[in-house]
>>> print(open('my_file-v1.cif').read())   # mmCIF, C-alpha atoms
data_upload
loop_
_atom_site.group_PDB
_atom_site.id
_atom_site.type_symbol
_atom_site.label_atom_id
_atom_site.label_comp_id
_atom_site.auth_asym_id
_atom_site.auth_seq_id
_atom_site.Cartn_x
_atom_site.Cartn_y
_atom_site.Cartn_z
ATOM 1 C CA MET A 73 71.753 57.008 103.743
ATOM 2 C CA ARG A 74 69.405 59.952 104.329
ATOM 3 C CA ILE A 75 71.448 60.979 107.338
ATOM 4 C CA LEU A 76 74.616 61.099 105.235
ATOM 5 C CA ILE A 77 72.876 63.205 102.609
ATOM 6 C CA LEU A 78 71.654 65.638 105.272
ATOM 7 C CA ILE A 79 75.144 65.893 106.763
ATOM 8 C CA PHE A 80 76.671 66.674 103.384
ATOM 9 C CA LEU A 81 73.979 69.253 102.652
ATOM 10 C CA PHE A 82 74.172 71.079 105.972
ATOM 11 C CA GLN A 83 77.925 70.925 106.508
ATOM 12 C CA PRO A 84 78.768 73.519 103.803
ATOM 13 C CA ILE A 85 75.983 75.795 105.026
ATOM 14 C CA SER A 86 77.183 75.675 108.636
ATOM 15 C CA PHE A 87 80.750 76.219 107.445
ATOM 16 C CA LEU A 88 79.742 79.359 105.544
ATOM 17 C CA PHE A 89 77.739 80.842 108.388
ATOM 18 C CA GLY A 90 80.172 79.719 111.067
ATOM 19 C CA GLN A 91 83.113 81.734 109.741
ATOM 20 C CA LYS A 92 83.899 85.043 111.359
ATOM 21 C CA THR A 93 84.419 87.976 109.059
ATOM 22 C CA THR A 94 86.560 90.465 110.926
ATOM 23 C CA THR A 95 89.074 93.068 109.942
ATOM 24 C CA ASP A 96 92.679 92.222 110.541
ATOM 25 C CA ASP A 97 93.853 94.052 113.643
ATOM 26 C CA ASN A 98 97.433 93.299 112.615
ATOM 27 C CA LEU A 99 97.297 95.792 109.724
ATOM 28 C CA VAL A 100 97.430 99.592 109.721
ATOM 29 C CA PHE A 101 96.128 100.974 106.443
ATOM 30 C CA TRP A 102 97.630 104.179 105.105
ATOM 31 C CA SER A 103 95.538 107.257 105.823
ATOM 32 C CA SER A 104 96.052 110.948 105.225
ATOM 33 C CA THR A 105 94.340 111.744 108.534
ATOM 34 C CA ARG A 106 95.820 109.079 110.797
ATOM 35 C CA LYS A 107 99.542 109.123 111.501
ATOM 36 C CA LEU A 108 101.564 106.238 112.910
ATOM 37 C CA THR A 109 101.849 105.850 116.694
ATOM 38 C CA THR A 110 103.938 103.589 118.900
ATOM 39 C CA ASP A 111 100.873 101.336 119.268
ATOM 40 C CA ASP A 112 101.140 100.519 115.556
ATOM 41 C CA PHE A 113 104.414 98.698 116.177
ATOM 42 C CA GLY A 114 103.834 95.222 117.550
ATOM 43 C CA ILE A 115 107.378 94.794 118.834
ATOM 44 C CA LYS A 116 108.762 97.183 121.436
ATOM 45 C CA THR A 117 112.543 97.233 121.768
ATOM 46 C CA LYS A 118 115.052 98.890 124.075
ATOM 47 C CA HIS A 119 117.878 101.264 123.253
ATOM 48 C CA GLY A 120 120.829 99.469 121.679
ATOM 49 C CA GLU A 121 119.010 96.183 120.958
ATOM 50 C CA THR A 122 118.489 96.993 117.282
ATOM 51 C CA ASN A 123 117.742 99.926 114.992
ATOM 52 C CA PRO A 124 115.426 102.492 116.591
ATOM 53 C CA SER A 125 112.553 101.397 114.351
ATOM 54 C CA PHE A 126 111.519 99.215 111.477
ATOM 55 C CA ALA A 127 108.164 99.013 109.721
ATOM 56 C CA GLN A 128 107.080 96.237 107.397
ATOM 57 C CA PHE A 129 104.983 97.795 104.644
ATOM 58 C CA SER A 130 103.029 95.776 102.133
ATOM 59 C CA VAL A 131 100.907 96.459 99.091
ATOM 60 C CA ASP A 132 98.312 93.981 97.940
ATOM 61 C CA TYR A 133 95.663 93.982 95.269
ATOM 62 C CA LYS A 134 92.411 92.217 94.536
ATOM 63 C CA VAL A 135 91.753 92.342 90.825
ATOM 64 C CA ASN A 136 89.814 89.831 88.775
ATOM 65 C CA GLY A 137 89.123 89.355 85.080
ATOM 66 C CA PHE A 138 85.948 91.450 85.150
ATOM 67 C CA ASP A 139 87.771 94.493 86.498
ATOM 68 C CA PHE A 140 88.587 95.666 82.975
ATOM 69 C CA MET A 141 85.253 97.481 83.294
ATOM 70 C CA THR A 142 86.297 99.198 86.550
ATOM 71 C CA LYS A 143 86.711 102.946 86.319
ATOM 72 C CA ASN A 144 89.160 103.178 89.230
ATOM 73 C CA PHE A 145 91.220 100.756 91.264
ATOM 74 C CA ASN A 146 91.518 102.820 94.446
ATOM 75 C CA LYS A 147 89.695 100.259 96.619
ATOM 76 C CA LYS A 148 91.364 97.275 94.943
ATOM 77 C CA VAL A 149 94.978 98.131 95.877
ATOM 78 C CA ARG A 150 95.907 98.568 99.554
ATOM 79 C CA ASN A 151 98.994 99.943 101.304
ATOM 80 C CA TYR A 152 99.494 98.916 104.900
ATOM 81 C CA LEU A 153 101.917 98.372 107.750
ATOM 82 C CA ILE A 154 102.068 94.931 109.375
ATOM 83 C CA LYS A 155 102.113 95.515 113.140
ATOM 84 C CA SER A 156 103.523 92.150 114.188
ATOM 85 C CA ALA A 157 106.521 92.564 111.866
ATOM 86 C CA SER A 158 107.310 96.154 112.898
ATOM 87 C CA TRP A 159 109.285 97.432 115.878
ATOM 88 C CA ILE A 160 110.150 100.654 117.656
ATOM 89 C CA ASP A 161 112.480 101.536 120.525
ATOM 90 C CA THR A 162 110.221 102.971 123.215
ATOM 91 C CA THR A 163 113.002 103.685 125.721
ATOM 92 C CA THR A 164 114.185 106.824 123.932
ATOM 93 C CA ASN A 165 112.517 109.725 122.153
ATOM 94 C CA VAL A 166 110.121 108.171 119.609
ATOM 95 C CA VAL A 167 109.444 111.364 117.631
ATOM 96 C CA ILE A 168 112.255 110.898 115.102
ATOM 97 C CA PRO A 169 111.620 107.183 114.443
ATOM 98 C CA LEU A 170 107.871 107.778 114.082
ATOM 99 C CA ARG A 171 108.433 110.680 111.714
ATOM 100 C CA TYR A 172 110.886 108.575 109.700
ATOM 101 C CA GLN A 173 108.531 105.600 109.433
ATOM 102 C CA GLN A 174 105.569 107.843 108.573
ATOM 103 C CA THR A 175 107.577 109.350 105.705
ATOM 104 C CA LEU A 176 108.411 105.849 104.455
ATOM 105 C CA PHE A 177 104.726 104.913 104.690
ATOM 106 C CA ASP A 178 103.875 108.055 102.700
ATOM 107 C CA ILE A 179 106.511 107.232 100.073
ATOM 108 C CA CYS A 180 105.051 103.726 99.784
ATOM 109 C CA GLU A 181 101.640 105.355 99.270
ATOM 110 C CA ILE A 182 103.041 107.359 96.333
ATOM 111 C CA TYR A 183 104.015 104.127 94.573
ATOM 112 C CA THR A 184 100.721 102.510 95.549
ATOM 113 C CA ARG A 185 98.867 105.389 93.891
ATOM 114 C CA GLN A 186 101.061 105.096 90.812
ATOM 115 C CA PHE A 187 100.191 101.388 90.704
ATOM 116 C CA ARG A 188 96.458 102.258 90.859
ATOM 117 C CA MET A 189 96.936 104.852 88.127
ATOM 118 C CA THR A 190 98.762 102.373 85.876
ATOM 119 C CA LEU A 191 96.033 99.779 86.442
ATOM 120 C CA LYS A 192 93.424 102.328 85.397
ATOM 121 C CA GLU A 193 95.399 103.270 82.298
ATOM 122 C CA ASN A 194 95.835 99.601 81.328
ATOM 123 C CA ARG A 195 92.502 98.183 82.481
ATOM 124 C CA LYS A 196 91.681 96.746 79.050
ATOM 125 C CA LYS A 197 94.693 94.429 79.377
ATOM 126 C CA ILE A 198 92.987 92.780 82.345
ATOM 127 C CA ALA A 199 90.458 91.157 80.014
ATOM 128 C CA SER A 200 93.263 89.183 78.355
ATOM 129 C CA GLY A 201 94.832 87.989 81.618
ATOM 130 C CA LEU A 202 96.066 89.095 85.002
ATOM 131 C CA GLN A 203 99.753 88.241 84.655
ATOM 132 C CA PHE A 204 100.822 91.776 83.832
ATOM 133 C CA ILE A 205 99.410 93.035 87.154
ATOM 134 C CA GLU A 206 102.058 91.177 89.166
ATOM 135 C CA GLY A 207 104.698 92.873 87.015
ATOM 136 C CA LEU A 208 103.155 96.268 87.788
ATOM 137 C CA ASN A 209 103.162 95.458 91.496
ATOM 138 C CA GLN A 210 106.795 94.346 91.392
ATOM 139 C CA LYS A 211 107.769 97.526 89.557
ATOM 140 C CA ALA A 212 105.994 99.678 92.149
ATOM 141 C CA MET A 213 107.740 97.872 95.022
ATOM 142 C CA THR A 214 111.136 98.053 93.304
ATOM 143 C CA ASP A 215 110.697 101.771 92.676
ATOM 144 C CA PHE A 216 109.678 102.243 96.323
ATOM 145 C CA SER A 217 112.749 100.319 97.530
ATOM 146 C CA ASN A 218 115.085 102.377 95.341
ATOM 147 C CA ARG A 219 113.531 105.618 96.546
ATOM 148 C CA ARG A 220 113.800 104.444 100.134
ATOM 149 C CA VAL A 221 117.570 104.011 99.757
ATOM 150 C CA ILE A 222 117.894 107.592 98.480
ATOM 151 C CA TYR A 223 115.700 108.897 101.318
ATOM 152 C CA ASP A 224 117.704 106.977 103.924
ATOM 153 C CA ARG A 225 121.006 108.314 102.579
ATOM 154 C CA GLU A 226 119.885 111.925 102.296
ATOM 155 C CA THR A 227 118.239 112.104 105.716
ATOM 156 C CA ASN A 228 120.419 109.598 107.592
ATOM 157 C CA PHE A 229 117.265 107.638 108.427
ATOM 158 C CA GLY A 230 115.304 110.767 109.251
ATOM 159 C CA THR A 231 117.856 112.254 111.658
ATOM 160 C CA ILE A 232 118.979 115.247 109.555
ATOM 161 C CA PHE A 233 116.163 117.639 110.408
ATOM 162 C CA ASP A 234 116.356 120.036 107.419
ATOM 163 C CA LYS A 235 116.641 117.174 104.886
ATOM 164 C CA GLN A 236 113.782 115.353 106.609
ATOM 165 C CA SER A 237 111.607 118.458 106.308
ATOM 166 C CA GLN A 238 112.471 118.819 102.608
ATOM 167 C CA TRP A 239 111.528 115.190 101.986
ATOM 168 C CA GLU A 240 108.232 115.586 103.829
ATOM 169 C CA LEU A 241 107.316 118.578 101.651
ATOM 170 C CA GLN A 242 108.262 116.751 98.444
ATOM 171 C CA VAL A 243 106.367 113.611 99.439
ATOM 172 C CA GLN A 244 103.270 115.641 100.345
ATOM 173 C CA LYS A 245 103.402 117.376 96.951
ATOM 174 C CA GLU A 246 103.586 114.024 95.164
ATOM 175 C CA LEU A 247 100.699 112.645 97.208
ATOM 176 C CA ASN A 248 98.635 115.729 96.319
ATOM 177 C CA ASP A 249 99.508 115.296 92.634
ATOM 178 C CA LEU A 250 98.159 111.733 92.820
ATOM 179 C CA LYS A 251 95.138 112.447 95.053
ATOM 180 C CA GLU A 252 92.783 111.103 92.372
ATOM 181 C CA PHE A 253 94.233 107.657 93.155
ATOM 182 C CA ALA A 254 93.873 107.791 96.955
ATOM 183 C CA ASN A 255 91.965 105.007 98.723
ATOM 184 C CA GLU A 256 89.971 107.390 100.914
#
>>> encode(input="my_file-v1.cif", output="structure tokens")
Amino acid sequence: MRILILIFLFQPISFLFGQKTTTDDNLVFWSSTRKLTTDDFGIKTKHGETNPSFAQFSVDYKVNGFDFMTKNFNKKVRNYLIKSASWIDTTTNVVIPLRYQQTLFDICEIYTRQFRMTLKENRKKIASGLQFIEGLNQKAMTDFSNRRVIYDRETNFGTIFDKQSQWELQVQKELNDLKEFANE
């Protein structure tokens, strides 16, 4: 009986200390100083197999009931690219696809910052429940998706150079306007 008790006591302890805590190498977090590279795309394609590039962006959040006391949510909401779900054609010039995907990543960051800002403005609601946060996240992702369609149309997926440049300037201005909500 004592042996069983010892096993039950030490098993949770060994489980806790036996787990590895590592960062996920499959994610590329948005950064103002680090731009996307071909290495950030887990799938390499060839010309004509598919679109020149695709990046899977995601926004997640870690908010709990005590966060109503938090003064900012910049570290609690993350914007990242998932490497294993993203591809790029490496058999042709990668400059245009990388520039296009970086602009999309930057646009996603705008809506991530707006999400952080809205959380800050509504932090007292967190004390009464977390359900509204999922609605805020869905709104941010819907707004990002709608903006992406406009960007794709106006720049033909980043291939119209002058339109692409205009978008980059506009996106940078919006990021600067929301710099208080950056996760850096």
>>> atom_distance(input="my_file-v1.cif", atom1="atom CA of Ile182 of chain A", atom2="atom CA of Lys245 of chain A")
10.0 Å
>>> resolve_selection(input="my_file-v1.cif", expression="the PyMOL selection byres ((chain A and resi 127-130) around 6)", output="list of chain:residue names")
A:Phe126, A:Val131, A:Asn151, A:Tyr152, A:Leu153, A:Ile154, A:Ala157, A:Ser158
>>> write_last_selection(input="my_file-v1.cif", atoms="C-alpha atoms", output="compact mmCIF listing (two decimals), in the coordinates of the input")
# COMPACT_ATOMS: atom_id res chain seq x y z
CA PHE A 126 111.52 99.22 111.48
CA VAL A 131 100.91 96.46 99.09
CA ASN A 151 98.99 99.94 101.30
CA TYR A 152 99.49 98.92 104.90
CA LEU A 153 101.92 98.37 107.75
CA ILE A 154 102.07 94.93 109.38
CA ALA A 157 106.52 92.56 111.87
CA SER A 158 107.31 96.15 112.90
>>> resolve_selection(input="my_file-v1.cif", expression="the PyMOL selection byres ((chain A and resi 230-244) around 7)", output="list in words")
Ile168, Tyr172, Thr175, Asp178, Ile179, Asp224, Glu226, Thr227, Asn228, Phe229, Lys245, Glu246, Leu247 and Asn248 of chain A
>>> residues_around(input="my_file-v1.cif", residues="Asn123 of chain A", least_positions_apart="4", cutoff="9 Å", atoms="all atoms listed in the file", output="PDB file with C-alpha atoms, in the frame of the given file")
ATOM      1  CA  THR A 117     112.543  97.233 121.768  1.00  0.00           C
ATOM      2  CA  HIS A 119     117.878 101.264 123.253  1.00  0.00           C
ATOM      3  CA  TRP A 159     109.285  97.432 115.878  1.00  0.00           C
ATOM      4  CA  ILE A 160     110.150 100.654 117.656  1.00  0.00           C
ATOM      5  CA  ASP A 161     112.480 101.536 120.525  1.00  0.00           C
TER       6      ASP A 161
END
>>> resolve_selection(input="my_file-v1.cif", expression="the PyMOL selection byres ((chain A and resi 146) around 10)", output="PyMOL selection string")
chain A and resi 133+143-145+147-150+184-185+187-189+191-192+252-256
>>> closest_residue(input="my_file-v1.cif", among="A:Asn209, A:Ser125, A:Val100, A:Arg106", to="Val167 of chain A", atoms="only C-alpha atoms")
A:Ser125
>>> atom_distance(input="my_file-v1.cif", atom1="atom CA of Phe101 of chain A", atom2="atom CA of Lys155 of chain A")
10.5 Å
>>> atom_distance(input="my_file-v1.cif", atom1="atom CA of Ile198 of chain A", atom2="atom CA of Val135 of chain A")
8.6 Å
>>> residues_near_point(input="my_file-v1.cif", point="(113.2, 98.8, 127.8)", cutoff="10 Å", atoms="only C-alpha atoms", output="JSON, numbers by chain")
{"A": [116, 117, 118, 119, 120, 121, 161, 162, 163, 164]}
>>> build_atoms(input="my_file-v1.cif", residues="segment 168-189 of chain A", atoms="N, CA and C atoms", output="PDB file, in the coordinates of the input")
ATOM      1  N   ILE A 168     111.485 111.052 116.346  1.00  0.00           N
ATOM      2  CA  ILE A 168     112.255 110.898 115.102  1.00  0.00           C
ATOM      3  C   ILE A 168     111.946 109.572 114.414  1.00  0.00           C
ATOM      4  N   PRO A 169     111.966 108.435 115.129  1.00  0.00           N
ATOM      5  CA  PRO A 169     111.620 107.183 114.443  1.00  0.00           C
ATOM      6  C   PRO A 169     110.192 107.164 113.885  1.00  0.00           C
ATOM      7  N   LEU A 170     109.247 107.735 114.598  1.00  0.00           N
ATOM      8  CA  LEU A 170     107.871 107.778 114.082  1.00  0.00           C
ATOM      9  C   LEU A 170     107.776 108.651 112.836  1.00  0.00           C
ATOM     10  N   ARG A 171     108.438 109.772 112.865  1.00  0.00           N
ATOM     11  CA  ARG A 171     108.433 110.680 111.714  1.00  0.00           C
ATOM     12  C   ARG A 171     109.086 110.003 110.506  1.00  0.00           C
ATOM     13  N   TYR A 172     110.181 109.314 110.754  1.00  0.00           N
ATOM     14  CA  TYR A 172     110.886 108.575 109.700  1.00  0.00           C
ATOM     15  C   TYR A 172     109.991 107.491 109.093  1.00  0.00           C
ATOM     16  N   GLN A 173     109.386 106.680 109.941  1.00  0.00           N
ATOM     17  CA  GLN A 173     108.531 105.600 109.433  1.00  0.00           C
ATOM     18  C   GLN A 173     107.286 106.143 108.737  1.00  0.00           C
ATOM     19  N   GLN A 174     106.733 107.241 109.234  1.00  0.00           N
ATOM     20  CA  GLN A 174     105.569 107.843 108.573  1.00  0.00           C
ATOM     21  C   GLN A 174     105.942 108.318 107.174  1.00  0.00           C
ATOM     22  N   THR A 175     107.130 108.904 107.031  1.00  0.00           N
ATOM     23  CA  THR A 175     107.577 109.350 105.705  1.00  0.00           C
ATOM     24  C   THR A 175     107.747 108.159 104.777  1.00  0.00           C
ATOM     25  N   LEU A 176     108.300 107.059 105.282  1.00  0.00           N
ATOM     26  CA  LEU A 176     108.411 105.849 104.455  1.00  0.00           C
ATOM     27  C   LEU A 176     107.033 105.336 104.045  1.00  0.00           C
ATOM     28  N   PHE A 177     106.099 105.339 104.977  1.00  0.00           N
ATOM     29  CA  PHE A 177     104.726 104.913 104.690  1.00  0.00           C
ATOM     30  C   PHE A 177     104.132 105.810 103.605  1.00  0.00           C
ATOM     31  N   ASP A 178     104.370 107.105 103.701  1.00  0.00           N
ATOM     32  CA  ASP A 178     103.875 108.055 102.700  1.00  0.00           C
ATOM     33  C   ASP A 178     104.526 107.820 101.341  1.00  0.00           C
ATOM     34  N   ILE A 179     105.822 107.528 101.337  1.00  0.00           N
ATOM     35  CA  ILE A 179     106.511 107.232 100.073  1.00  0.00           C
ATOM     36  C   ILE A 179     105.928 105.960  99.456  1.00  0.00           C
ATOM     37  N   CYS A 180     105.674 104.959 100.278  1.00  0.00           N
ATOM     38  CA  CYS A 180     105.051 103.726  99.784  1.00  0.00           C
ATOM     39  C   CYS A 180     103.676 104.039  99.182  1.00  0.00           C
ATOM     40  N   GLU A 181     102.957 104.968  99.799  1.00  0.00           N
ATOM     41  CA  GLU A 181     101.640 105.355  99.270  1.00  0.00           C
ATOM     42  C   GLU A 181     101.769 106.014  97.901  1.00  0.00           C
ATOM     43  N   ILE A 182     102.826 106.770  97.662  1.00  0.00           N
ATOM     44  CA  ILE A 182     103.041 107.359  96.333  1.00  0.00           C
ATOM     45  C   ILE A 182     103.087 106.258  95.282  1.00  0.00           C
ATOM     46  N   TYR A 183     103.877 105.218  95.550  1.00  0.00           N
ATOM     47  CA  TYR A 183     104.015 104.127  94.573  1.00  0.00           C
ATOM     48  C   TYR A 183     102.763 103.263  94.500  1.00  0.00           C
ATOM     49  N   THR A 184     102.010 103.201  95.579  1.00  0.00           N
ATOM     50  CA  THR A 184     100.721 102.510  95.549  1.00  0.00           C
ATOM     51  C   THR A 184      99.755 103.267  94.644  1.00  0.00           C
ATOM     52  N   ARG A 185      99.742 104.575  94.751  1.00  0.00           N
ATOM     53  CA  ARG A 185      98.867 105.389  93.891  1.00  0.00           C
ATOM     54  C   ARG A 185      99.302 105.296  92.433  1.00  0.00           C
ATOM     55  N   GLN A 186     100.595 105.267  92.194  1.00  0.00           N
ATOM     56  CA  GLN A 186     101.061 105.096  90.812  1.00  0.00           C
ATOM     57  C   GLN A 186     100.628 103.740  90.261  1.00  0.00           C
ATOM     58  N   PHE A 187     100.657 102.716  91.093  1.00  0.00           N
ATOM     59  CA  PHE A 187     100.191 101.388  90.704  1.00  0.00           C
ATOM     60  C   PHE A 187      98.714 101.444  90.334  1.00  0.00           C
ATOM     61  N   ARG A 188      97.892 102.106  91.153  1.00  0.00           N
ATOM     62  CA  ARG A 188      96.458 102.258  90.859  1.00  0.00           C
ATOM     63  C   ARG A 188      96.260 103.012  89.540  1.00  0.00           C
ATOM     64  N   MET A 189      97.040 104.057  89.343  1.00  0.00           N
ATOM     65  CA  MET A 189      96.936 104.852  88.127  1.00  0.00           C
ATOM     66  C   MET A 189      97.278 103.994  86.895  1.00  0.00           C
TER      67      MET A 189
END
